[in-house]
file run22.pdb (PDB, C-alpha atoms)
ATOM      1  CA  MET A   1       0.000   0.000   0.000
ATOM      2  CA  LYS A   2       0.973   3.657  -0.331
ATOM      3  CA  ARG A   3       1.175   6.218   2.474
ATOM      4  CA  VAL A   4       2.345   9.808   2.961
ATOM      5  CA  CYS A   5       5.655  10.185   4.803
ATOM      6  CA  LYS A   6       7.886  13.040   5.954
ATOM      7  CA  PRO A   7      11.555  11.929   6.141
ATOM      8  CA  GLU A   8      14.337  14.167   7.445
ATOM      9  CA  GLY A   9      14.370  17.664   6.022
ATOM     10  CA  LYS A  10      11.892  20.501   6.133
ATOM     11  CA  PHE A  11       9.041  20.395   3.598
ATOM     12  CA  ASN A  12      10.007  16.863   2.557
ATOM     13  CA  ILE A  13       6.837  14.963   1.630
ATOM     14  CA  VAL A  14       7.104  11.613  -0.155
ATOM     15  CA  ILE A  15       4.868   8.666  -0.996
ATOM     16  CA  GLU A  16       6.177   5.429   0.484
ATOM     17  CA  GLU A  17       5.177   1.837  -0.291
ATOM     18  CA  VAL A  18       4.829  -0.431   2.743
ATOM     19  CA  PRO A  19       3.059  -3.725   3.549
ATOM     20  CA  THR A  20      -0.686  -3.498   4.045
ATOM     21  CA  PRO A  21      -1.434  -3.882   7.777
ATOM     22  CA  GLU A  22      -3.657  -6.621   9.181
ATOM     23  CA  PRO A  23      -6.144  -5.916  11.984
ATOM     24  CA  GLY A  24      -5.538  -7.600  15.311
ATOM     25  CA  HIS A  25      -7.958  -8.429  18.093
ATOM     26  CA  GLY A  26     -10.428  -5.592  18.617
ATOM     27  CA  GLU A  27      -9.264  -3.709  15.517
ATOM     28  CA  VAL A  28     -10.643  -2.842  12.103
ATOM     29  CA  ARG A  29      -8.901  -2.000   8.864
ATOM     30  CA  VAL A  30     -10.192   0.940   6.845
ATOM     31  CA  LYS A  31      -9.612   1.433   3.135
ATOM     32  CA  ALA A  32      -9.245   5.171   2.572
ATOM     33  CA  VAL A  33     -11.419   7.210   0.215
ATOM     34  CA  ARG A  34     -10.546  10.776   1.288
ATOM     35  CA  SER A  35      -8.251  12.316   3.898
ATOM     36  CA  LEU A  36      -8.070  15.896   5.122
ATOM     37  CA  ILE A  37      -4.875  17.882   5.648
ATOM     38  CA  SER A  38      -5.226  19.825   8.886
ATOM     39  CA  ARG A  39      -3.131  22.903   8.233
ATOM     40  CA  GLY A  40      -2.469  23.816  11.859
ATOM     41  CA  SER A  41      -1.268  20.414  13.039
ATOM     42  CA  GLU A  42       0.346  19.209   9.854
ATOM     43  CA  MET A  43       2.211  22.377   8.910
ATOM     44  CA  GLY A  44       3.382  23.518  12.340
ATOM     45  CA  GLY A  45       3.844  20.065  13.828
ATOM     46  CA  ARG A  46       5.104  18.075  10.841
ATOM     47  CA  TYR A  47       5.838  19.761   7.506
ATOM     48  CA  THR A  48       8.110  22.524   8.824
ATOM     49  CA  ARG A  49      10.154  20.265  11.107
ATOM     50  CA  ALA A  50      13.698  19.291  10.133
ATOM     51  CA  SER A  51      13.440  15.874  11.744
ATOM     52  CA  ALA A  52      11.707  12.827  10.297
ATOM     53  CA  ILE A  53       8.115  12.391  11.471
ATOM     54  CA  ASP A  54       6.572   9.083  12.514
ATOM     55  CA  PRO A  55       4.254   8.098   9.614
ATOM     56  CA  GLU A  56       1.498   7.450  12.165
ATOM     57  CA  ARG A  57       1.503  11.192  12.861
ATOM     58  CA  MET A  58       1.343  12.175   9.198
ATOM     59  CA  GLY A  59      -2.336  12.883   8.957
ATOM     60  CA  TYR A  60      -5.363  13.865  10.929
ATOM     61  CA  SER A  61      -8.482  12.146   9.679
ATOM     62  CA  LEU A  62      -9.735  10.067   6.783
ATOM     63  CA  ALA A  63     -13.011   8.647   5.558
ATOM     64  CA  GLY A  64     -13.297   5.241   4.025
ATOM     65  CA  VAL A  65     -14.796   1.769   4.174
ATOM     66  CA  VAL A  66     -14.104  -1.038   6.639
ATOM     67  CA  ASP A  67     -12.532  -3.828   4.581
ATOM     68  CA  ALA A  68     -11.319  -6.205   7.321
ATOM     69  CA  VAL A  69     -12.421  -6.871  10.905
ATOM     70  CA  GLY A  70     -10.307  -8.388  13.684
ATOM     71  CA  ALA A  71     -11.464 -10.936  16.218
ATOM     72  CA  GLY A  72     -13.725  -9.649  18.971
ATOM     73  CA  VAL A  73     -15.228  -6.811  16.908
ATOM     74  CA  GLU A  74     -19.009  -7.015  16.713
ATOM     75  CA  HIS A  75     -20.229  -3.479  16.037
ATOM     76  CA  PHE A  76     -18.388  -2.947  12.729
ATOM     77  CA  ALA A  77     -18.694  -5.052   9.587
ATOM     78  CA  VAL A  78     -16.945  -5.145   6.233
ATOM     79  CA  GLY A  79     -18.482  -2.465   4.023
ATOM     80  CA  ASP A  80     -19.313   0.024   6.804
ATOM     81  CA  ARG A  81     -18.634   3.648   5.904
ATOM     82  CA  VAL A  82     -16.536   5.236   8.660
ATOM     83  CA  VAL A  83     -14.347   8.177   9.554
ATOM     84  CA  ALA A  84     -11.089   7.477  11.377
ATOM     85  CA  SER A  85      -8.515   9.539  13.225
ATOM     86  CA  ALA A  86      -5.607   8.263  11.189
ATOM     87  CA  PRO A  87      -2.644   9.122   8.949
ATOM     88  CA  HIS A  88      -2.748   9.647   5.196
ATOM     89  CA  ALA A  89      -2.584   6.090   3.849
ATOM     90  CA  GLN A  90      -4.444   3.717   1.565
ATOM     91  CA  TYR A  91      -5.176   1.412   4.505
ATOM     92  CA  VAL A  92      -5.141   2.072   8.249
ATOM     93  CA  VAL A  93      -5.759  -0.184  11.245
ATOM     94  CA  ARG A  94      -7.451   1.303  14.268
ATOM     95  CA  PRO A  95      -9.009   0.044  17.527
ATOM     96  CA  ALA A  96     -12.739  -0.425  17.198
ATOM     97  CA  ARG A  97     -13.502   0.628  20.779
ATOM     98  CA  VAL A  98     -12.207   3.136  23.306
ATOM     99  CA  SER A  99     -10.719   1.761  26.506
ATOM    100  CA  SER A 100     -11.980   4.557  28.788
ATOM    101  CA  PRO A 101     -14.626   7.329  28.723
ATOM    102  CA  GLN A 102     -11.821   9.913  28.516
ATOM    103  CA  GLU A 103     -10.554   8.607  25.165
ATOM    104  CA  HIS A 104     -11.821   9.686  21.754
ATOM    105  CA  ALA A 105     -13.204   6.998  19.489
ATOM    106  CA  GLN A 106     -10.735   6.503  16.646
ATOM    107  CA  VAL A 107     -13.322   4.989  14.300
ATOM    108  CA  VAL A 108     -16.834   6.425  14.014
ATOM    109  CA  PRO A 109     -19.689   5.292  11.748
ATOM    110  CA  MET A 110     -20.777   7.812   9.135
ATOM    111  CA  LEU A 111     -24.419   8.823   8.907
ATOM    112  CA  SER A 112     -26.059   7.974   5.598
ATOM    113  CA  THR A 113     -26.441  11.723   4.982
ATOM    114  CA  VAL A 114     -22.686  12.359   5.227
ATOM    115  CA  ASN A 115     -20.535  11.892   2.122
ATOM    116  CA  PHE A 116     -16.837  11.087   1.812
ATOM    117  CA  ASP A 117     -15.871  14.713   1.148
ATOM    118  CA  GLN A 118     -17.600  15.872   4.342
ATOM    119  CA  ALA A 119     -16.628  13.049   6.679
ATOM    120  CA  PRO A 120     -12.881  13.831   7.077
ATOM    121  CA  TYR A 121     -13.914  17.069   8.796
ATOM    122  CA  TYR A 122     -15.691  15.114  11.537
ATOM    123  CA  PRO A 123     -12.876  15.104  14.178
ATOM    124  CA  LEU A 124     -12.502  18.875  13.856
ATOM    125  CA  VAL A 125     -16.278  19.365  13.959
ATOM    126  CA  SER A 126     -16.580  17.250  17.120
ATOM    127  CA  GLY A 127     -13.819  19.362  18.656
ATOM    128  CA  ALA A 128     -15.672  22.526  17.655
ATOM    129  CA  VAL A 129     -18.885  21.243  19.275
ATOM    130  CA  ALA A 130     -17.008  20.506  22.517
ATOM    131  CA  TRP A 131     -15.222  23.868  22.461
ATOM    132  CA  VAL A 132     -18.423  25.831  21.893
ATOM    133  CA  ASP A 133     -20.312  23.839  24.530
ATOM    134  CA  ILE A 134     -17.737  24.576  27.211
ATOM    135  CA  GLU A 135     -17.796  28.296  26.396
ATOM    136  CA  ASN A 136     -21.438  28.375  27.538
ATOM    137  CA  ILE A 137     -22.332  31.279  25.245
ATOM    138  CA  GLN A 138     -25.302  33.311  26.469
ATOM    139  CA  SER A 139     -27.846  35.123  24.312
ATOM    140  CA  ASN A 140     -26.359  38.586  24.905
ATOM    141  CA  ASP A 141     -22.706  37.595  24.663
ATOM    142  CA  THR A 142     -20.300  38.951  22.071
ATOM    143  CA  VAL A 143     -17.976  36.176  20.894
ATOM    144  CA  VAL A 144     -14.822  37.012  18.931
ATOM    145  CA  ILE A 145     -13.070  34.213  17.034
ATOM    146  CA  VAL A 146      -9.517  35.247  16.163
ATOM    147  CA  GLY A 147      -8.485  33.143  13.172
ATOM    148  CA  GLN A 148     -10.694  31.697  10.452
ATOM    149  CA  GLY A 149      -8.732  28.671   9.342
ATOM    150  CA  LEU A 150     -10.388  25.262   9.523
ATOM    151  CA  VAL A 151     -10.719  25.281  13.322
ATOM    152  CA  GLY A 152     -11.860  28.894  13.648
ATOM    153  CA  SER A 153     -14.352  28.529  10.813
ATOM    154  CA  LEU A 154     -15.890  25.399  12.322
ATOM    155  CA  ILE A 155     -16.150  27.002  15.767
ATOM    156  CA  MET A 156     -17.864  29.974  14.168
ATOM    157  CA  GLN A 157     -20.363  27.763  12.332
ATOM    158  CA  VAL A 158     -21.149  25.660  15.408
ATOM    159  CA  ALA A 159     -21.619  28.784  17.537
ATOM    160  CA  LYS A 160     -24.002  30.218  14.947
ATOM    161  CA  ALA A 161     -25.884  26.900  14.766
ATOM    162  CA  ASN A 162     -26.389  27.007  18.549
ATOM    163  CA  GLY A 163     -28.108  30.345  18.134
ATOM    164  CA  ASN A 164     -26.684  32.326  21.042
ATOM    165  CA  GLY A 165     -24.643  35.508  21.035
ATOM    166  CA  ARG A 166     -23.202  37.790  18.393
ATOM    167  CA  VAL A 167     -20.285  36.128  16.591
ATOM    168  CA  ILE A 168     -17.409  38.241  15.250
ATOM    169  CA  ALA A 169     -14.845  36.552  12.976
ATOM    170  CA  ILE A 170     -11.340  37.978  12.502
ATOM    171  CA  ASP A 171      -8.611  37.058  10.036
ATOM    172  CA  THR A 172      -5.906  38.749   7.975
ATOM    173  CA  LEU A 173      -6.586  36.913   4.692
ATOM    174  CA  ASP A 174      -9.212  38.124   2.236
ATOM    175  CA  ASN A 175     -10.332  34.625   1.236
ATOM    176  CA  ARG A 176     -10.959  33.601   4.841
ATOM    177  CA  CYS A 177     -12.826  36.803   5.641
ATOM    178  CA  GLN A 178     -15.014  36.356   2.571
ATOM    179  CA  LEU A 179     -15.741  32.755   3.564
ATOM    180  CA  ALA A 180     -16.603  33.747   7.144
ATOM    181  CA  GLU A 181     -19.137  36.238   5.809
ATOM    182  CA  ALA A 182     -20.607  33.642   3.430
ATOM    183  CA  LEU A 183     -20.878  31.091   6.265
ATOM    184  CA  GLY A 184     -22.865  33.417   8.485
ATOM    185  CA  ALA A 185     -20.604  35.362  10.861
ATOM    186  CA  ASP A 186     -22.499  38.357  12.249
ATOM    187  CA  VAL A 187     -19.489  40.630  11.779
ATOM    188  CA  VAL A 188     -16.230  40.024   9.905
ATOM    189  CA  ILE A 189     -13.096  42.059  10.610
ATOM    190  CA  ASN A 190     -10.180  41.938   8.182
ATOM    191  CA  ALA A 191      -7.213  42.658  10.440
ATOM    192  CA  SER A 192      -5.108  43.583   7.402
ATOM    193  CA  ASP A 193      -7.406  46.516   6.683
ATOM    194  CA  GLU A 194      -8.196  47.835  10.167
ATOM    195  CA  ASP A 195      -7.101  47.656  13.784
ATOM    196  CA  ALA A 196      -8.975  44.592  15.036
ATOM    197  CA  VAL A 197      -8.749  45.558  18.718
ATOM    198  CA  ARG A 198     -10.175  48.997  18.031
ATOM    199  CA  ALA A 199     -12.913  47.485  15.859
ATOM    200  CA  VAL A 200     -14.012  45.069  18.603
ATOM    201  CA  ARG A 201     -13.935  47.832  21.204
ATOM    202  CA  ARG A 202     -16.054  50.014  18.918
ATOM    203  CA  LEU A 203     -18.575  47.208  18.356
ATOM    204  CA  THR A 204     -18.886  46.649  22.122
ATOM    205  CA  ASN A 205     -19.073  50.329  23.107
ATOM    206  CA  GLY A 206     -15.609  50.142  24.637
ATOM    207  CA  ILE A 207     -16.391  47.212  26.942
ATOM    208  CA  GLY A 208     -14.765  44.362  25.021
ATOM    209  CA  ALA A 209     -15.950  40.888  24.108
ATOM    210  CA  ASP A 210     -17.426  38.427  26.590
ATOM    211  CA  ILE A 211     -15.556  35.539  24.945
ATOM    212  CA  VAL A 212     -12.454  35.620  22.736
ATOM    213  CA  VAL A 213     -11.450  32.401  20.991
ATOM    214  CA  TYR A 214      -7.766  32.218  20.051
ATOM    215  CA  ALA A 215      -7.700  29.947  16.983
ATOM    216  CA  VAL A 216      -4.518  31.165  15.288
ATOM    217  CA  GLY A 217      -1.349  29.407  16.435
ATOM    218  CA  GLY A 218       1.851  29.237  14.402
ATOM    219  CA  PRO A 219       4.342  32.102  14.081
ATOM    220  CA  GLY A 220       1.636  34.772  14.152
ATOM    221  CA  GLY A 221       0.117  33.344  17.306
ATOM    222  CA  PRO A 222       1.810  35.403  20.058
ATOM    223  CA  ASP A 223       0.753  38.738  18.546
ATOM    224  CA  ALA A 224      -2.777  37.468  17.894
ATOM    225  CA  PHE A 225      -3.028  36.147  21.455
ATOM    226  CA  ASP A 226      -1.907  39.496  22.869
ATOM    227  CA  GLN A 227      -4.504  41.294  20.739
ATOM    228  CA  GLY A 228      -7.125  38.805  21.917
ATOM    229  CA  LEU A 229      -6.457  39.811  25.513
ATOM    230  CA  ASP A 230      -6.835  43.466  24.524
ATOM    231  CA  MET A 231     -10.271  42.666  23.038
ATOM    232  CA  LEU A 232     -11.525  40.888  26.158
ATOM    233  CA  ALA A 233     -13.903  42.479  28.637
ATOM    234  CA  VAL A 234     -13.360  42.379  32.393
ATOM    235  CA  GLY A 235     -14.866  39.096  33.560
ATOM    236  CA  GLY A 236     -14.526  37.631  30.078
ATOM    237  CA  LEU A 237     -13.154  34.292  28.895
ATOM    238  CA  LEU A 238     -10.201  33.803  26.563
ATOM    239  CA  HIS A 239     -10.411  30.326  25.057
ATOM    240  CA  LEU A 240      -6.978  29.053  24.053
ATOM    241  CA  ILE A 241      -7.087  26.643  21.094
ATOM    242  CA  GLY A 242      -4.217  27.561  18.739
ATOM    243  CA  LEU A 243      -0.906  25.684  18.914
ATOM    244  CA  TYR A 244       2.577  25.403  17.333
ATOM    245  CA  GLU A 245       3.782  28.947  18.034
ATOM    246  CA  ASP A 246       7.262  27.702  19.039
ATOM    247  CA  ALA A 247       7.385  30.718  21.333
ATOM    248  CA  PRO A 248       5.830  31.721  24.674
ATOM    249  CA  LEU A 249       2.470  33.464  24.652
ATOM    250  CA  PRO A 250       2.479  36.902  26.356
ATOM    251  CA  LEU A 251       0.658  36.658  29.689
ATOM    252  CA  TRP A 252       0.912  40.205  30.957
ATOM    253  CA  SER A 253      -0.442  40.274  34.515
ATOM    254  CA  GLY A 254      -2.250  43.573  33.930
ATOM    255  CA  LYS A 255      -4.169  42.058  31.030
ATOM    256  CA  ILE A 256      -5.225  38.793  32.639
ATOM    257  CA  GLN A 257      -6.423  40.212  35.949
ATOM    258  CA  ARG A 258     -10.192  39.602  36.402
ATOM    259  CA  ARG A 259     -10.306  37.491  33.245
ATOM    260  CA  GLN A 260     -10.424  33.731  32.645
ATOM    261  CA  ILE A 261      -8.184  31.655  30.371
ATOM    262  CA  LEU A 262      -9.307  28.171  29.347
ATOM    263  CA  GLY A 263      -7.158  25.675  27.448
ATOM    264  CA  GLY A 264      -9.000  23.480  24.942
ATOM    265  CA  TYR A 265     -11.990  21.719  26.468
ATOM    266  CA  TYR A 266     -10.368  20.939  29.791
ATOM    267  CA  GLY A 267     -12.723  18.970  32.027
ATOM    268  CA  GLN A 268     -15.016  17.886  29.188
ATOM    269  CA  THR A 269     -15.099  14.529  27.397
ATOM    270  CA  VAL A 270     -15.972  14.220  23.712
ATOM    271  CA  GLY A 271     -18.522  11.501  24.292
ATOM    272  CA  ALA A 272     -21.410  10.001  22.352
ATOM    273  CA  GLY A 273     -23.593  13.112  22.551
ATOM    274  CA  ILE A 274     -20.975  15.440  21.103
ATOM    275  CA  SER A 275     -20.042  12.850  18.491
ATOM    276  CA  ARG A 276     -23.639  12.485  17.363
ATOM    277  CA  ARG A 277     -24.214  16.233  17.172
ATOM    278  CA  ALA A 278     -21.043  16.720  15.131
ATOM    279  CA  MET A 279     -22.082  14.083  12.622
ATOM    280  CA  GLU A 280     -25.610  15.542  12.444
ATOM    281  CA  LEU A 281     -24.245  19.025  11.776
ATOM    282  CA  LEU A 282     -22.246  17.604   8.874
ATOM    283  CA  GLY A 283     -25.107  15.535   7.494
ATOM    284  CA  SER A 284     -27.626  18.362   7.674
ATOM    285  CA  GLY A 285     -25.348  20.779   5.840
ATOM    286  CA  ILE A 286     -25.476  23.266   8.727
ATOM    287  CA  VAL A 287     -21.681  22.970   8.870
ATOM    288  CA  ARG A 288     -20.879  23.718   5.243
ATOM    289  CA  THR A 289     -17.663  21.892   4.519
ATOM    290  CA  GLU A 290     -18.289  21.973   0.767
ATOM    291  CA  GLN A 291     -17.614  25.717   0.899
ATOM    292  CA  MET A 292     -14.556  25.199   3.087
ATOM    293  CA  THR A 293     -12.971  22.704   0.694
ATOM    294  CA  THR A 294     -10.938  24.586  -1.883
ATOM    295  CA  HIS A 295      -8.789  21.809  -3.379
ATOM    296  CA  ARG A 296      -8.706  18.056  -3.979
ATOM    297  CA  PHE A 297      -5.477  16.293  -4.946
ATOM    298  CA  PRO A 298      -4.786  12.690  -5.940
ATOM    299  CA  PHE A 299      -2.843  11.155  -3.044
ATOM    300  CA  SER A 300       0.209  10.834  -5.287
ATOM    301  CA  GLN A 301       0.366  14.654  -5.389
ATOM    302  CA  ALA A 302       0.466  15.049  -1.606
ATOM    303  CA  ALA A 303       3.692  17.072  -1.820
ATOM    304  CA  ASP A 304       1.935  19.630  -4.031
ATOM    305  CA  ALA A 305      -0.998  19.775  -1.608
ATOM    306  CA  PHE A 306       1.268  20.506   1.359
ATOM    307  CA  ASP A 307       3.198  23.097  -0.644
ATOM    308  CA  LEU A 308      -0.045  24.855  -1.561
ATOM    309  CA  LEU A 309      -1.226  25.035   2.033
ATOM    310  CA  TYR A 310       2.091  26.328   3.299
ATOM    311  CA  ASN A 311       3.091  28.792   0.587
ATOM    312  CA  ARG A 312      -0.262  30.007  -0.732
ATOM    313  CA  MET A 313      -2.504  30.368   2.285
ATOM    314  CA  ASN A 314      -4.495  33.046   0.496
ATOM    315  CA  GLN A 315      -5.613  30.469  -2.083
ATOM    316  CA  ALA A 316      -6.342  27.384   0.011
ATOM    317  CA  MET A 317      -8.507  26.384   2.958
ATOM    318  CA  GLY A 318      -9.696  22.781   3.177
ATOM    319  CA  VAL A 319      -7.488  20.438   1.128
ATOM    320  CA  LEU A 320      -8.493  16.796   0.593
ATOM    321  CA  LEU A 321      -6.395  13.895  -0.668
ATOM    322  CA  ASP A 322      -8.282  11.480  -2.930
ATOM    323  CA  TRP A 323      -7.276   7.833  -2.376
ATOM    324  CA  GLU A 324      -9.469   6.499  -5.179
ATOM    325  CA  ILE A 325      -7.168   8.021  -7.792
ATOM    326  CA  GLY A 326      -3.372   7.984  -7.731
TER     327      GLY A 326
END
call {"tool": "encode", "arguments": {"input": "run22.pdb", "output": "C-alpha cells"}}
result
Amino acid sequence: MKRVCKPEGKFNIVIEEVPTPEPGHGEVRVKAVRSLISRGSEMGGRYTRASAIDPERMGYSLAGVVDAVGAGVEHFAVGDRVVASAPHAQYVVRPARVSSPQEHAQVVPMLSTVNFDQAPYYPLVSGAVAWVDIENIQSNDTVVIVGQGLVGSLIMQVAKANGNGRVIAIDTLDNRCQLAEALGADVVINASDEDAVRAVRRLTNGIGADIVVYAVGGPGGPDAFDQGLDMLAVGGLLHLIGLYEDAPLPLWSGKIQRRQILGGYYGQTVGAGISRRAMELLGSGIVRTEQMTTHRFPFSQAADAFDLLYNRMNQAMGVLLDWEIG
C-alpha cells in the first residue's frame, strides 16, 4: 500500500510503499477514500520540522470503508462507511472501541447523509462542538473568534448553529474573511485593513468581548493572542485553542487580571452526545464543509498539496487527498 511520509528535512513529503497492515484483536482496517490535511497540526507540527516524522503522525483524519475486521469486533462489519482519526494512507488499522470514557473513538460510523468529502472534517467538527459547549455562550454575549482557518471557521459555524450571542470573525486573509461572511458570521473584521482591537472595542461600546477564541497558532500566534487579551472584557473568557507557536504566549499580569483563560476543552469529554451532534451538523449541511474545501489532490500529489497550504494560504482552505485516484 501507499502512504504519505515526511523523512528528514523541512518540507520533505514523499509517498512510500509499505506492507498493508492486518487488523488484530479488537481492531478494524479501513480502506481510505478521502483524507483531510489539517493545516495547523500538519504544517506547524510536521511539515516545517527538520526531523523525520513518525508516519502514524502524518495525517489527521480520513473517511473510508471497513474492509477487514479483527477478532472480537461485533459493532463494525466489512463495508461500513466510517471516519477514522488516522494518517494519510491507503489502509489504516485502528481500535474499534475506546478503553476509557476519557478517550476519543478513533473509528466512528458515518451517517447515511454524510458523504466522503464531508466526513474527514468530523474530528474537527466534534472538537468545535465541545469547544463551543464549554464556552457556555449566552444570548447577549459577544464572541470574537480570532483566526478563520479550519478550526476557527468550524467554531464559528457551530456557535451560529447554537443560536446564542453575536459572533465576530477575525482574520488577515481576504479569502478567509469572505468565507466567514458567506458562512454566516455576524461581523467580519479583516485585520489587514483595520485595527482589530479597536474594531471590537467600537462594536462593544468600549467594553470588550465576553468571549475571545484564540484559533490562530503558528508564528503569528503570540501577537494574535496578545490582541485577543486586549479585546476581552473584564470578567470575560479567553479560550486558548491555537498551537505550534514555538514561542511563549504573552501573559501580561495587567491584562489577565479579572479574566479567565481556558485551554482546549479541559474537564469535558468528547462523548457520544458530542459525536452524534457533530455528525448531524455535517449531514444536515449546517456545517458547510463543501464551501470550506478549496482543493482536492490525488494522493500521489500530496507534496503539491502541502506546498499549496504552506506557501499560498491566500488560495487554500480545506485540502483533501483522494485515495481512489493515484
call {"tool": "closest_residue", "arguments": {"input": "run22.pdb", "among": "A:Ala191, A:Arg29, A:Asp54, A:Cys5", "to": "Val73 in chain A", "atoms": "all atoms listed in the file"}}
result
A:Arg29
call {"tool": "closest_residue", "arguments": {"input": "run22.pdb", "among": "A:Asp195, A:Val146, A:Leu321, A:Val151", "to": "Ala169 in chain A", "atoms": "all atoms listed in the file"}}
result
A:Val146
call {"tool": "axis_aligned_box", "arguments": {"input": "run22.pdb", "around": "range 79-91 of chain A", "padding_each_side": "5 Å", "output": "AutoDock Vina command-line options"}}
result
--center_x -10.9 --center_y 3.6 --center_z 7.4 --size_x 26.7 --size_y 22.1 --size_z 21.7
call {"tool": "closest_residue", "arguments": {"input": "run22.pdb", "among": "A:Met156, A:Val187, A:Leu111, A:Val319", "to": "Arg39 in chain A", "atoms": "all atoms listed in the file"}}
result
A:Val319
call {"tool": "resolve_selection", "arguments": {"input": "run22.pdb", "expression": "the PyMOL selection byres ((chain A and resi 52) around 8)", "output": "list of chain:residue names"}}
result
A:Lys6, A:Pro7, A:Glu8, A:Gly9, A:Arg49, A:Ala50, A:Ser51, A:Ile53, A:Asp54
call {"tool": "resolve_selection", "arguments": {"input": "run22.pdb", "expression": "the PyMOL selection byres ((chain A and resi 61) around 6)", "output": "number ranges by chain"}}
result
A: 35-36, 60, 62, 84-86, 120
call {"tool": "decode", "arguments": {"input": "run22.pdb", "residues": "range 43-62 of chain A", "atoms": "N, CA and C atoms", "output": "tab-separated table (two decimals), in the first residue's frame"}}
result
chain	number	residue	atom	x	y	z
A	43	MET	N	1.16	21.44	9.30
A	43	MET	CA	2.21	22.38	8.91
A	43	MET	C	3.14	22.63	10.10
A	44	GLY	N	2.57	23.14	11.19
A	44	GLY	CA	3.38	23.52	12.34
A	44	GLY	C	4.02	22.34	13.05
A	45	GLY	N	3.34	21.19	13.07
A	45	GLY	CA	3.84	20.06	13.83
A	45	GLY	C	4.57	19.01	13.02
A	46	ARG	N	4.48	19.10	11.68
A	46	ARG	CA	5.10	18.08	10.84
A	46	ARG	C	5.93	18.67	9.71
A	47	TYR	N	5.26	19.34	8.78
A	47	TYR	CA	5.84	19.76	7.51
A	47	TYR	C	7.07	20.65	7.69
A	48	THR	N	7.03	21.56	8.66
A	48	THR	CA	8.11	22.52	8.82
A	48	THR	C	9.23	22.02	9.73
A	49	ARG	N	9.13	20.80	10.22
A	49	ARG	CA	10.15	20.27	11.11
A	49	ARG	C	11.31	19.67	10.30
A	50	ALA	N	12.53	19.84	10.82
A	50	ALA	CA	13.70	19.29	10.13
A	50	ALA	C	13.82	17.79	10.34
A	51	SER	N	13.31	17.29	11.43
A	51	SER	CA	13.44	15.87	11.74
A	51	SER	C	12.40	15.05	10.98
A	52	ALA	N	12.69	13.75	10.87
A	52	ALA	CA	11.71	12.83	10.30
A	52	ALA	C	10.53	12.70	11.26
A	53	ILE	N	9.34	12.50	10.69
A	53	ILE	CA	8.12	12.39	11.47
A	53	ILE	C	7.60	10.96	11.38
A	54	ASP	N	7.18	10.41	12.50
A	54	ASP	CA	6.57	9.08	12.51
A	54	ASP	C	5.40	9.07	11.54
A	55	PRO	N	5.36	8.14	10.58
A	55	PRO	CA	4.25	8.10	9.61
A	55	PRO	C	2.87	8.03	10.25
A	56	GLU	N	2.79	7.50	11.47
A	56	GLU	CA	1.50	7.45	12.17
A	56	GLU	C	0.98	8.84	12.51
A	57	ARG	N	1.90	9.82	12.54
A	57	ARG	CA	1.50	11.19	12.86
A	57	ARG	C	1.28	12.03	11.60
A	58	MET	N	1.51	11.44	10.45
A	58	MET	CA	1.34	12.18	9.20
A	58	MET	C	-0.11	12.06	8.73
A	59	GLY	N	-0.93	12.89	9.31
A	59	GLY	CA	-2.34	12.88	8.96
A	59	GLY	C	-3.18	13.32	10.13
A	60	TYR	N	-4.44	13.43	9.88
A	60	TYR	CA	-5.36	13.87	10.93
A	60	TYR	C	-6.63	13.02	10.92
A	61	SER	N	-7.27	12.95	9.76
A	61	SER	CA	-8.48	12.15	9.68
A	61	SER	C	-8.72	11.70	8.24
A	62	LEU	N	-9.36	10.55	8.11
A	62	LEU	CA	-9.74	10.07	6.78
A	62	LEU	C	-11.10	9.41	6.84
